[in-house]
file coords00.cif (mmCIF, N, CA and C atoms)
data_protein
#
loop_
_atom_site.label_atom_id
_atom_site.label_comp_id
_atom_site.auth_asym_id
_atom_site.auth_seq_id
_atom_site.Cartn_x
_atom_site.Cartn_y
_atom_site.Cartn_z
N MET C 33 87.92 213.20 104.76
CA MET C 33 88.92 213.24 103.70
C MET C 33 90.07 212.29 104.08
N LEU C 34 90.39 211.38 103.17
CA LEU C 34 91.49 210.45 103.42
C LEU C 34 92.83 211.18 103.27
N MET C 35 93.00 211.86 102.14
CA MET C 35 94.24 212.59 101.90
C MET C 35 93.93 213.90 101.18
N LYS C 36 94.60 214.94 101.62
CA LYS C 36 94.46 216.24 100.98
C LYS C 36 95.85 216.85 100.83
N ILE C 37 96.16 217.21 99.61
CA ILE C 37 97.44 217.84 99.30
C ILE C 37 97.15 219.25 98.83
N GLU C 38 97.85 220.22 99.44
CA GLU C 38 97.62 221.62 99.08
C GLU C 38 98.93 222.29 98.70
N ASN C 39 98.96 222.84 97.50
CA ASN C 39 100.07 223.67 97.02
C ASN C 39 101.44 223.03 97.24
N LEU C 40 101.55 221.76 96.94
CA LEU C 40 102.81 221.04 97.13
C LEU C 40 103.80 221.41 96.03
N THR C 41 104.98 221.78 96.43
CA THR C 41 106.07 222.10 95.51
C THR C 41 107.31 221.32 95.93
N VAL C 42 107.90 220.63 94.97
CA VAL C 42 109.13 219.86 95.21
C VAL C 42 110.13 220.25 94.14
N ARG C 43 111.34 220.54 94.58
CA ARG C 43 112.43 220.90 93.65
C ARG C 43 113.62 220.00 93.88
N TYR C 44 114.32 219.74 92.80
CA TYR C 44 115.63 219.09 92.87
C TYR C 44 116.63 220.18 92.51
N GLY C 45 117.19 220.82 93.54
CA GLY C 45 118.04 221.97 93.30
C GLY C 45 117.20 223.10 92.74
N SER C 46 117.56 223.60 91.58
CA SER C 46 116.81 224.70 90.97
C SER C 46 115.72 224.21 90.00
N ILE C 47 115.64 222.89 89.84
CA ILE C 47 114.67 222.32 88.89
C ILE C 47 113.37 221.99 89.61
N GLY C 48 112.29 222.56 89.13
CA GLY C 48 110.97 222.29 89.69
C GLY C 48 110.44 220.95 89.20
N ALA C 49 110.24 220.01 90.11
CA ALA C 49 109.72 218.69 89.73
C ALA C 49 108.20 218.64 89.88
N VAL C 50 107.69 219.26 90.94
CA VAL C 50 106.25 219.36 91.20
C VAL C 50 105.99 220.81 91.58
N GLU C 51 105.10 221.45 90.85
CA GLU C 51 104.82 222.87 91.08
C GLU C 51 103.40 223.08 91.59
N THR C 52 103.27 223.43 92.83
CA THR C 52 102.01 223.80 93.49
C THR C 52 100.82 222.92 93.10
N ILE C 53 100.97 221.63 93.30
CA ILE C 53 99.87 220.69 93.02
C ILE C 53 98.94 220.62 94.23
N SER C 54 97.67 220.53 93.97
CA SER C 54 96.67 220.32 95.01
C SER C 54 95.72 219.23 94.53
N LEU C 55 95.37 218.33 95.44
CA LEU C 55 94.42 217.27 95.13
C LEU C 55 93.87 216.72 96.43
N SER C 56 92.75 216.00 96.32
CA SER C 56 92.18 215.37 97.50
C SER C 56 91.60 214.02 97.12
N VAL C 57 91.61 213.12 98.09
CA VAL C 57 91.06 211.78 97.91
C VAL C 57 90.20 211.47 99.12
N ARG C 58 88.93 211.14 98.84
CA ARG C 58 88.03 210.74 99.92
C ARG C 58 88.13 209.24 100.14
N THR C 59 87.78 208.80 101.32
CA THR C 59 87.78 207.38 101.63
C THR C 59 86.92 206.64 100.61
N GLY C 60 87.47 205.57 100.05
CA GLY C 60 86.76 204.77 99.07
C GLY C 60 86.99 205.19 97.63
N GLU C 61 87.57 206.37 97.43
CA GLU C 61 87.86 206.83 96.07
C GLU C 61 89.15 206.22 95.57
N ILE C 62 89.27 206.16 94.26
CA ILE C 62 90.51 205.75 93.62
C ILE C 62 90.98 206.93 92.78
N LEU C 63 92.24 207.28 92.94
CA LEU C 63 92.82 208.40 92.20
C LEU C 63 93.94 207.86 91.33
N SER C 64 93.97 208.29 90.10
CA SER C 64 95.03 207.91 89.18
C SER C 64 95.81 209.16 88.81
N VAL C 65 97.12 209.06 88.86
CA VAL C 65 97.98 210.17 88.47
C VAL C 65 98.66 209.76 87.17
N ILE C 66 98.36 210.48 86.11
CA ILE C 66 98.92 210.15 84.80
C ILE C 66 99.66 211.35 84.25
N GLY C 67 100.58 211.08 83.36
CA GLY C 67 101.34 212.15 82.73
C GLY C 67 102.55 211.59 82.01
N ALA C 68 103.17 212.42 81.25
CA ALA C 68 104.35 212.03 80.47
C ALA C 68 105.54 211.77 81.39
N ASN C 69 106.54 211.12 80.84
CA ASN C 69 107.79 210.93 81.58
C ASN C 69 108.32 212.31 81.99
N GLY C 70 108.74 212.40 83.23
CA GLY C 70 109.29 213.66 83.73
C GLY C 70 108.25 214.66 84.19
N ALA C 71 106.99 214.24 84.25
CA ALA C 71 105.92 215.17 84.64
C ALA C 71 105.83 215.37 86.15
N GLY C 72 106.48 214.49 86.93
CA GLY C 72 106.48 214.65 88.38
C GLY C 72 105.66 213.61 89.13
N LYS C 73 105.18 212.58 88.45
CA LYS C 73 104.35 211.55 89.10
C LYS C 73 105.11 210.85 90.22
N SER C 74 106.30 210.35 89.91
CA SER C 74 107.10 209.64 90.92
C SER C 74 107.53 210.57 92.05
N THR C 75 107.85 211.79 91.71
CA THR C 75 108.24 212.76 92.74
C THR C 75 107.08 213.04 93.68
N LEU C 76 105.87 213.16 93.14
CA LEU C 76 104.69 213.35 93.98
C LEU C 76 104.54 212.18 94.96
N LEU C 77 104.65 210.96 94.45
CA LEU C 77 104.52 209.78 95.32
C LEU C 77 105.65 209.72 96.35
N LYS C 78 106.85 210.07 95.94
CA LYS C 78 107.98 210.09 96.88
C LYS C 78 107.78 211.14 97.97
N ALA C 79 107.21 212.27 97.61
CA ALA C 79 106.93 213.32 98.61
C ALA C 79 105.88 212.83 99.60
N ILE C 80 104.84 212.16 99.12
CA ILE C 80 103.81 211.63 100.01
C ILE C 80 104.42 210.61 100.96
N ALA C 81 105.32 209.77 100.45
CA ALA C 81 105.95 208.74 101.27
C ALA C 81 107.08 209.27 102.14
N GLY C 82 107.42 210.55 101.99
CA GLY C 82 108.48 211.15 102.80
C GLY C 82 109.88 210.85 102.29
N LEU C 83 109.98 210.39 101.05
CA LEU C 83 111.29 210.02 100.50
C LEU C 83 112.01 211.20 99.87
N VAL C 84 111.28 212.26 99.53
CA VAL C 84 111.90 213.51 99.09
C VAL C 84 111.28 214.63 99.89
N LYS C 85 112.04 215.69 100.09
CA LYS C 85 111.58 216.82 100.89
C LYS C 85 110.86 217.83 100.00
N ALA C 86 109.68 218.22 100.45
CA ALA C 86 108.93 219.25 99.72
C ALA C 86 109.44 220.62 100.11
N GLU C 87 109.44 221.52 99.14
CA GLU C 87 109.84 222.90 99.40
C GLU C 87 108.73 223.64 100.14
N SER C 88 107.49 223.35 99.77
CA SER C 88 106.36 224.01 100.42
C SER C 88 105.10 223.19 100.19
N GLY C 89 104.06 223.56 100.89
CA GLY C 89 102.78 222.90 100.75
C GLY C 89 102.40 222.12 101.99
N ARG C 90 101.41 221.28 101.83
CA ARG C 90 100.88 220.50 102.95
C ARG C 90 100.33 219.19 102.42
N ILE C 91 100.58 218.11 103.17
CA ILE C 91 100.01 216.80 102.87
C ILE C 91 99.34 216.30 104.13
N ASP C 92 98.02 216.24 104.10
CA ASP C 92 97.25 215.72 105.25
C ASP C 92 96.78 214.32 104.92
N PHE C 93 97.00 213.39 105.84
CA PHE C 93 96.50 212.02 105.72
C PHE C 93 95.67 211.73 106.95
N GLU C 94 94.40 211.47 106.73
CA GLU C 94 93.45 211.24 107.83
C GLU C 94 93.54 212.34 108.88
N GLY C 95 93.65 213.58 108.39
CA GLY C 95 93.66 214.74 109.27
C GLY C 95 95.00 215.09 109.90
N ILE C 96 96.03 214.31 109.60
CA ILE C 96 97.37 214.55 110.17
C ILE C 96 98.27 215.11 109.07
N ASN C 97 98.94 216.23 109.35
CA ASN C 97 99.89 216.78 108.40
C ASN C 97 101.15 215.92 108.45
N ILE C 98 101.40 215.17 107.37
CA ILE C 98 102.55 214.26 107.35
C ILE C 98 103.77 214.87 106.67
N LEU C 99 103.63 216.08 106.14
CA LEU C 99 104.76 216.72 105.49
C LEU C 99 105.88 216.92 106.51
N GLY C 100 107.05 216.43 106.19
CA GLY C 100 108.18 216.55 107.10
C GLY C 100 108.36 215.34 108.01
N HIS C 101 107.38 214.42 108.02
CA HIS C 101 107.55 213.20 108.80
C HIS C 101 108.58 212.30 108.12
N ARG C 102 109.26 211.50 108.92
CA ARG C 102 110.21 210.53 108.38
C ARG C 102 109.46 209.41 107.66
N PRO C 103 110.07 208.79 106.65
CA PRO C 103 109.41 207.70 105.94
C PRO C 103 108.92 206.57 106.85
N ASP C 104 109.68 206.22 107.87
CA ASP C 104 109.25 205.13 108.76
C ASP C 104 107.99 205.50 109.53
N GLN C 105 107.83 206.77 109.85
CA GLN C 105 106.61 207.22 110.53
C GLN C 105 105.42 207.16 109.57
N ILE C 106 105.66 207.50 108.32
CA ILE C 106 104.60 207.48 107.32
C ILE C 106 104.18 206.05 107.01
N VAL C 107 105.13 205.13 106.97
CA VAL C 107 104.82 203.72 106.76
C VAL C 107 103.90 203.21 107.86
N LYS C 108 104.14 203.61 109.08
CA LYS C 108 103.31 203.16 110.20
C LYS C 108 101.87 203.67 110.10
N LEU C 109 101.67 204.74 109.32
CA LEU C 109 100.32 205.24 109.08
C LEU C 109 99.61 204.46 107.98
N GLY C 110 100.38 203.63 107.27
CA GLY C 110 99.79 202.81 106.21
C GLY C 110 100.10 203.28 104.81
N ILE C 111 101.05 204.19 104.67
CA ILE C 111 101.43 204.71 103.35
C ILE C 111 102.83 204.21 103.03
N THR C 112 102.99 203.67 101.84
CA THR C 112 104.32 203.24 101.41
C THR C 112 104.43 203.36 99.90
N MET C 113 105.61 203.24 99.42
CA MET C 113 105.85 203.27 97.98
C MET C 113 106.54 201.97 97.61
N VAL C 114 106.01 201.30 96.61
CA VAL C 114 106.59 200.04 96.15
C VAL C 114 107.48 200.37 94.97
N PRO C 115 108.77 200.05 95.07
CA PRO C 115 109.68 200.36 93.96
C PRO C 115 109.28 199.62 92.69
N GLU C 116 109.56 200.26 91.58
CA GLU C 116 109.25 199.69 90.28
C GLU C 116 110.31 198.64 89.93
N GLY C 117 109.90 197.63 89.25
CA GLY C 117 110.84 196.65 88.72
C GLY C 117 110.88 195.38 89.54
N ARG C 118 111.61 194.43 89.03
CA ARG C 118 111.74 193.13 89.67
C ARG C 118 112.91 193.15 90.63
N ARG C 119 112.93 192.13 91.47
CA ARG C 119 114.07 191.91 92.36
C ARG C 119 114.37 193.15 93.21
N VAL C 120 113.42 193.52 94.05
CA VAL C 120 113.56 194.70 94.89
C VAL C 120 114.82 194.60 95.74
N PHE C 121 115.00 193.46 96.40
CA PHE C 121 116.22 193.18 97.14
C PHE C 121 116.84 191.94 96.50
N PRO C 122 117.70 192.10 95.52
CA PRO C 122 118.16 190.97 94.70
C PRO C 122 118.92 189.89 95.47
N ASN C 123 119.49 190.21 96.62
CA ASN C 123 120.23 189.20 97.38
C ASN C 123 119.35 188.40 98.33
N LEU C 124 118.07 188.73 98.40
CA LEU C 124 117.13 188.03 99.27
C LEU C 124 116.27 187.08 98.46
N THR C 125 115.77 186.04 99.12
CA THR C 125 114.83 185.13 98.47
C THR C 125 113.48 185.84 98.29
N VAL C 126 112.59 185.19 97.54
CA VAL C 126 111.25 185.74 97.37
C VAL C 126 110.58 185.88 98.74
N ARG C 127 110.68 184.84 99.57
CA ARG C 127 110.06 184.89 100.90
C ARG C 127 110.66 186.02 101.75
N GLU C 128 111.97 186.19 101.71
CA GLU C 128 112.61 187.26 102.47
C GLU C 128 112.17 188.63 101.97
N ASN C 129 111.97 188.76 100.65
CA ASN C 129 111.44 190.02 100.10
C ASN C 129 110.05 190.28 100.64
N LEU C 130 109.20 189.24 100.70
CA LEU C 130 107.85 189.41 101.25
C LEU C 130 107.90 189.77 102.73
N GLU C 131 108.80 189.15 103.47
CA GLU C 131 108.93 189.45 104.90
C GLU C 131 109.34 190.90 105.12
N MET C 132 110.13 191.46 104.20
CA MET C 132 110.54 192.87 104.31
C MET C 132 109.31 193.77 104.27
N GLY C 133 108.29 193.35 103.52
CA GLY C 133 107.06 194.14 103.42
C GLY C 133 106.30 194.23 104.73
N GLY C 134 106.56 193.30 105.64
CA GLY C 134 105.85 193.30 106.92
C GLY C 134 106.77 193.49 108.10
N PHE C 135 107.92 194.09 107.88
CA PHE C 135 108.90 194.19 108.98
C PHE C 135 108.42 195.06 110.13
N THR C 136 107.44 195.93 109.91
CA THR C 136 106.95 196.77 111.00
C THR C 136 105.89 196.06 111.84
N LEU C 137 105.42 194.90 111.38
CA LEU C 137 104.41 194.15 112.14
C LEU C 137 105.06 193.40 113.28
N VAL C 138 104.62 193.65 114.50
CA VAL C 138 105.17 192.96 115.66
C VAL C 138 104.51 191.60 115.88
N ASP C 139 103.29 191.45 115.40
CA ASP C 139 102.54 190.21 115.55
C ASP C 139 103.03 189.20 114.51
N LYS C 140 103.84 188.22 114.95
CA LYS C 140 104.42 187.24 114.03
C LYS C 140 103.35 186.40 113.35
N GLU C 141 102.30 186.08 114.09
CA GLU C 141 101.22 185.27 113.52
C GLU C 141 100.53 186.02 112.39
N LEU C 142 100.27 187.29 112.59
CA LEU C 142 99.65 188.11 111.55
C LEU C 142 100.57 188.20 110.34
N ARG C 143 101.85 188.40 110.58
CA ARG C 143 102.82 188.49 109.48
C ARG C 143 102.80 187.20 108.65
N THR C 144 102.78 186.05 109.32
CA THR C 144 102.73 184.76 108.63
C THR C 144 101.44 184.62 107.83
N GLU C 145 100.31 185.02 108.43
CA GLU C 145 99.02 184.96 107.74
C GLU C 145 99.03 185.82 106.48
N LEU C 146 99.60 187.00 106.58
CA LEU C 146 99.63 187.92 105.43
C LEU C 146 100.53 187.38 104.31
N ILE C 147 101.66 186.79 104.68
CA ILE C 147 102.53 186.20 103.66
C ILE C 147 101.80 185.04 102.98
N ASP C 148 101.11 184.22 103.76
CA ASP C 148 100.32 183.12 103.17
C ASP C 148 99.25 183.66 102.23
N LEU C 149 98.61 184.77 102.60
CA LEU C 149 97.60 185.38 101.75
C LEU C 149 98.21 185.82 100.42
N VAL C 150 99.39 186.44 100.48
CA VAL C 150 100.07 186.88 99.25
C VAL C 150 100.41 185.66 98.39
N LEU C 151 100.92 184.60 99.01
CA LEU C 151 101.30 183.41 98.25
C LEU C 151 100.09 182.69 97.67
N THR C 152 98.96 182.79 98.34
CA THR C 152 97.73 182.20 97.81
C THR C 152 97.19 183.05 96.66
N THR C 153 97.27 184.36 96.83
CA THR C 153 96.78 185.28 95.80
C THR C 153 97.66 185.23 94.55
N PHE C 154 98.96 185.07 94.75
CA PHE C 154 99.92 185.02 93.65
C PHE C 154 100.69 183.71 93.72
N PRO C 155 100.08 182.60 93.29
CA PRO C 155 100.69 181.28 93.45
C PRO C 155 102.05 181.14 92.78
N ARG C 156 102.30 181.92 91.76
CA ARG C 156 103.60 181.86 91.07
C ARG C 156 104.75 182.20 92.05
N LEU C 157 104.47 183.08 93.00
CA LEU C 157 105.50 183.43 93.99
C LEU C 157 105.88 182.22 94.84
N ARG C 158 104.89 181.40 95.19
CA ARG C 158 105.14 180.22 96.01
C ARG C 158 106.13 179.28 95.28
N GLU C 159 106.02 179.20 93.97
CA GLU C 159 106.91 178.35 93.19
C GLU C 159 108.36 178.83 93.27
N ARG C 160 108.51 180.11 93.48
CA ARG C 160 109.86 180.69 93.45
C ARG C 160 110.45 180.82 94.83
#
call {"tool": "encode", "arguments": {"input": "coords00.cif", "output": "structure tokens"}}
result
Amino acid sequence: MLMKIENLTVRYGSIGAVETISLSVRTGEILSVIGANGAGKSTLLKAIAGLVKAESGRIDFEGINILGHRPDQIVKLGITMVPEGRRVFPNLTVRENLEMGGFTLVDKELRTELIDLVLTTFPRLRER
């Protein structure tokens, strides 16, 4: 099992954002979370990424309970959340924004290769 979530509950004060959700994803599967505005989709993703604190439940990733881990620890496991919208860091260049995506990589050569891969895959970024 790649990820298993059991009875996850997240509240913002007294408001229930996610109420006892359970789901699982096996390696190679693709899971889509759909719902109306305010249904808790973003809150679920933020809880997985460690950006909001869950009231209860469990989130296992590759057999490790990540609930309560800091976001930087979760990123090192390969889980992250990409903010919605353009200009994630508006004061940085496009290249600097891409470099932020690999800031945890210590291997500079790998980081450069990955940025080149992104620029090749999305040539419009290279123009900017």
call {"tool": "atom_distance", "arguments": {"input": "coords00.cif", "atom1": "atom N of Gly95 in chain C", "atom2": "atom N of Lys78 in chain C"}}
result
18.5 Å
call {"tool": "closest_residue", "arguments": {"input": "coords00.cif", "among": "C:Asp104, C:Glu116, C:Glu128, C:Glu94", "to": "Thr59 in chain C", "atoms": "only C-alpha atoms"}}
result
C:Glu94
call {"tool": "atom_distance", "arguments": {"input": "coords00.cif", "atom1": "atom C of Ile111 in chain C", "atom2": "CA of Asp148 in chain C"}}
result
21.2 Å
call {"tool": "resolve_selection", "arguments": {"input": "coords00.cif", "expression": "the PyMOL selection byres (((chain C and resi 43 and name CA) around 10) and name CA)", "output": "PyMOL selection string"}}
result
chain C and resi 41-42+44-51+75+84-88
call {"tool": "select_by_dssp", "arguments": {"input": "coords00.cif", "residues": "chain C", "states": "strand (DSSP E)", "output": "PyMOL selection string"}}
result
chain C and resi 35-44+47-57+88-93+96-97
call {"tool": "closest_residue", "arguments": {"input": "coords00.cif", "among": "C:Ile147, C:Leu137, C:Ile98, C:Leu130", "to": "Gly82 in chain C", "atoms": "all atoms listed in the file"}}
result
C:Ile98
call {"tool": "select_by_dssp", "arguments": {"input": "coords00.cif", "residues": "chain C", "states": "alpha helix (DSSP H)", "output": "ChimeraX atom specification"}}
result
/C:73-81,103-108,126-133,140-153,155-159
call {"tool": "atom_distance", "arguments": {"input": "coords00.cif", "atom1": "CA of Lys108 in chain C", "atom2": "CA of Asn123 in chain C"}}
result
25.4 Å
call {"tool": "resolve_selection", "arguments": {"input": "coords00.cif", "expression": "the PyMOL selection byres ((chain C and resi 55) around 7)", "output": "PDB file with N, CA and C atoms, in the frame of the given file"}}
result
ATOM      1  N   MET C  35      93.000 211.860 102.140  1.00  0.00           N
ATOM      2  CA  MET C  35      94.240 212.590 101.900  1.00  0.00           C
ATOM      3  C   MET C  35      93.930 213.900 101.180  1.00  0.00           C
ATOM      4  N   LYS C  36      94.600 214.940 101.620  1.00  0.00           N
ATOM      5  CA  LYS C  36      94.460 216.240 100.980  1.00  0.00           C
ATOM      6  C   LYS C  36      95.850 216.850 100.830  1.00  0.00           C
ATOM      7  N   ILE C  37      96.160 217.210  99.610  1.00  0.00           N
ATOM      8  CA  ILE C  37      97.440 217.840  99.300  1.00  0.00           C
ATOM      9  C   ILE C  37      97.150 219.250  98.830  1.00  0.00           C
ATOM     10  N   GLU C  38      97.850 220.220  99.440  1.00  0.00           N
ATOM     11  CA  GLU C  38      97.620 221.620  99.080  1.00  0.00           C
ATOM     12  C   GLU C  38      98.930 222.290  98.700  1.00  0.00           C
ATOM     13  N   ASN C  39      98.960 222.840  97.500  1.00  0.00           N
ATOM     14  CA  ASN C  39     100.070 223.670  97.020  1.00  0.00           C
ATOM     15  C   ASN C  39     101.440 223.030  97.240  1.00  0.00           C
ATOM     16  N   ILE C  53     100.970 221.630  93.300  1.00  0.00           N
ATOM     17  CA  ILE C  53      99.870 220.690  93.020  1.00  0.00           C
ATOM     18  C   ILE C  53      98.940 220.620  94.230  1.00  0.00           C
ATOM     19  N   SER C  54      97.670 220.530  93.970  1.00  0.00           N
ATOM     20  CA  SER C  54      96.670 220.320  95.010  1.00  0.00           C
ATOM     21  C   SER C  54      95.720 219.230  94.530  1.00  0.00           C
ATOM     22  N   SER C  56      92.750 216.000  96.320  1.00  0.00           N
ATOM     23  CA  SER C  56      92.180 215.370  97.500  1.00  0.00           C
ATOM     24  C   SER C  56      91.600 214.020  97.120  1.00  0.00           C
ATOM     25  N   VAL C  57      91.610 213.120  98.090  1.00  0.00           N
ATOM     26  CA  VAL C  57      91.060 211.780  97.910  1.00  0.00           C
ATOM     27  C   VAL C  57      90.200 211.470  99.120  1.00  0.00           C
TER      28      VAL C  57
END
call {"tool": "closest_residue", "arguments": {"input": "coords00.cif", "among": "C:Met113, C:Ile62, C:Leu157, C:Met132", "to": "Ser74 in chain C", "atoms": "only C-alpha atoms"}}
result
C:Met113
call {"tool": "build_atoms", "arguments": {"input": "coords00.cif", "residues": "range 59-79 of chain C", "atoms": "N, CA, C and O atoms", "output": "mmCIF file, in the coordinates of the input"}}
result
data_model
loop_
_atom_site.group_PDB
_atom_site.id
_atom_site.type_symbol
_atom_site.label_atom_id
_atom_site.label_comp_id
_atom_site.auth_asym_id
_atom_site.auth_seq_id
_atom_site.Cartn_x
_atom_site.Cartn_y
_atom_site.Cartn_z
ATOM 1 N N THR C 59 87.780 208.800 101.320
ATOM 2 C CA THR C 59 87.780 207.380 101.630
ATOM 3 C C THR C 59 86.920 206.640 100.610
ATOM 4 O O THR C 59 85.811 207.058 100.300
ATOM 5 N N GLY C 60 87.470 205.570 100.050
ATOM 6 C CA GLY C 60 86.760 204.770 99.070
ATOM 7 C C GLY C 60 86.990 205.190 97.630
ATOM 8 O O GLY C 60 86.655 204.456 96.710
ATOM 9 N N GLU C 61 87.570 206.370 97.430
ATOM 10 C CA GLU C 61 87.860 206.830 96.070
ATOM 11 C C GLU C 61 89.150 206.220 95.570
ATOM 12 O O GLU C 61 90.016 205.836 96.349
ATOM 13 N N ILE C 62 89.270 206.160 94.260
ATOM 14 C CA ILE C 62 90.510 205.750 93.620
ATOM 15 C C ILE C 62 90.980 206.930 92.780
ATOM 16 O O ILE C 62 90.219 207.499 92.004
ATOM 17 N N LEU C 63 92.240 207.280 92.940
ATOM 18 C CA LEU C 63 92.820 208.400 92.200
ATOM 19 C C LEU C 63 93.940 207.860 91.330
ATOM 20 O O LEU C 63 94.763 207.076 91.784
ATOM 21 N N SER C 64 93.970 208.290 90.100
ATOM 22 C CA SER C 64 95.030 207.910 89.180
ATOM 23 C C SER C 64 95.810 209.160 88.810
ATOM 24 O O SER C 64 95.226 210.190 88.492
ATOM 25 N N VAL C 65 97.120 209.060 88.860
ATOM 26 C CA VAL C 65 97.980 210.170 88.470
ATOM 27 C C VAL C 65 98.660 209.760 87.170
ATOM 28 O O VAL C 65 99.402 208.781 87.143
ATOM 29 N N ILE C 66 98.360 210.480 86.110
ATOM 30 C CA ILE C 66 98.920 210.150 84.800
ATOM 31 C C ILE C 66 99.660 211.350 84.250
ATOM 32 O O ILE C 66 99.409 212.485 84.628
ATOM 33 N N GLY C 67 100.580 211.080 83.360
ATOM 34 C CA GLY C 67 101.340 212.150 82.730
ATOM 35 C C GLY C 67 102.550 211.590 82.010
ATOM 36 O O GLY C 67 102.902 210.423 82.172
ATOM 37 N N ALA C 68 103.170 212.420 81.250
ATOM 38 C CA ALA C 68 104.350 212.030 80.470
ATOM 39 C C ALA C 68 105.540 211.770 81.390
ATOM 40 O O ALA C 68 105.543 212.151 82.566
ATOM 41 N N ASN C 69 106.540 211.120 80.840
ATOM 42 C CA ASN C 69 107.790 210.930 81.580
ATOM 43 C C ASN C 69 108.320 212.310 81.990
ATOM 44 O O ASN C 69 108.303 213.248 81.205
ATOM 45 N N GLY C 70 108.740 212.400 83.230
ATOM 46 C CA GLY C 70 109.290 213.660 83.730
ATOM 47 C C GLY C 70 108.250 214.660 84.190
ATOM 48 O O GLY C 70 108.586 215.794 84.515
ATOM 49 N N ALA C 71 106.990 214.240 84.250
ATOM 50 C CA ALA C 71 105.920 215.170 84.640
ATOM 51 C C ALA C 71 105.830 215.370 86.150
ATOM 52 O O ALA C 71 105.143 216.276 86.601
ATOM 53 N N GLY C 72 106.480 214.490 86.930
ATOM 54 C CA GLY C 72 106.480 214.650 88.380
ATOM 55 C C GLY C 72 105.660 213.610 89.130
ATOM 56 O O GLY C 72 105.478 213.718 90.345
ATOM 57 N N LYS C 73 105.180 212.580 88.450
ATOM 58 C CA LYS C 73 104.350 211.550 89.100
ATOM 59 C C LYS C 73 105.110 210.850 90.220
ATOM 60 O O LYS C 73 104.635 210.757 91.358
ATOM 61 N N SER C 74 106.300 210.350 89.910
ATOM 62 C CA SER C 74 107.100 209.640 90.920
ATOM 63 C C SER C 74 107.530 210.570 92.050
ATOM 64 O O SER C 74 107.536 210.187 93.215
ATOM 65 N N THR C 75 107.850 211.790 91.710
ATOM 66 C CA THR C 75 108.240 212.760 92.740
ATOM 67 C C THR C 75 107.080 213.040 93.680
ATOM 68 O O THR C 75 107.266 213.132 94.896
ATOM 69 N N LEU C 76 105.870 213.160 93.140
ATOM 70 C CA LEU C 76 104.690 213.350 93.980
ATOM 71 C C LEU C 76 104.540 212.180 94.960
ATOM 72 O O LEU C 76 104.361 212.388 96.161
ATOM 73 N N LEU C 77 104.650 210.960 94.450
ATOM 74 C CA LEU C 77 104.520 209.780 95.320
ATOM 75 C C LEU C 77 105.650 209.720 96.350
ATOM 76 O O LEU C 77 105.421 209.376 97.512
ATOM 77 N N LYS C 78 106.850 210.070 95.940
ATOM 78 C CA LYS C 78 107.980 210.090 96.880
ATOM 79 C C LYS C 78 107.780 211.140 97.970
ATOM 80 O O LYS C 78 108.136 210.925 99.123
ATOM 81 N N ALA C 79 107.210 212.270 97.610
ATOM 82 C CA ALA C 79 106.930 213.320 98.610
ATOM 83 C C ALA C 79 105.880 212.830 99.600
ATOM 84 O O ALA C 79 106.007 213.045 100.815
#
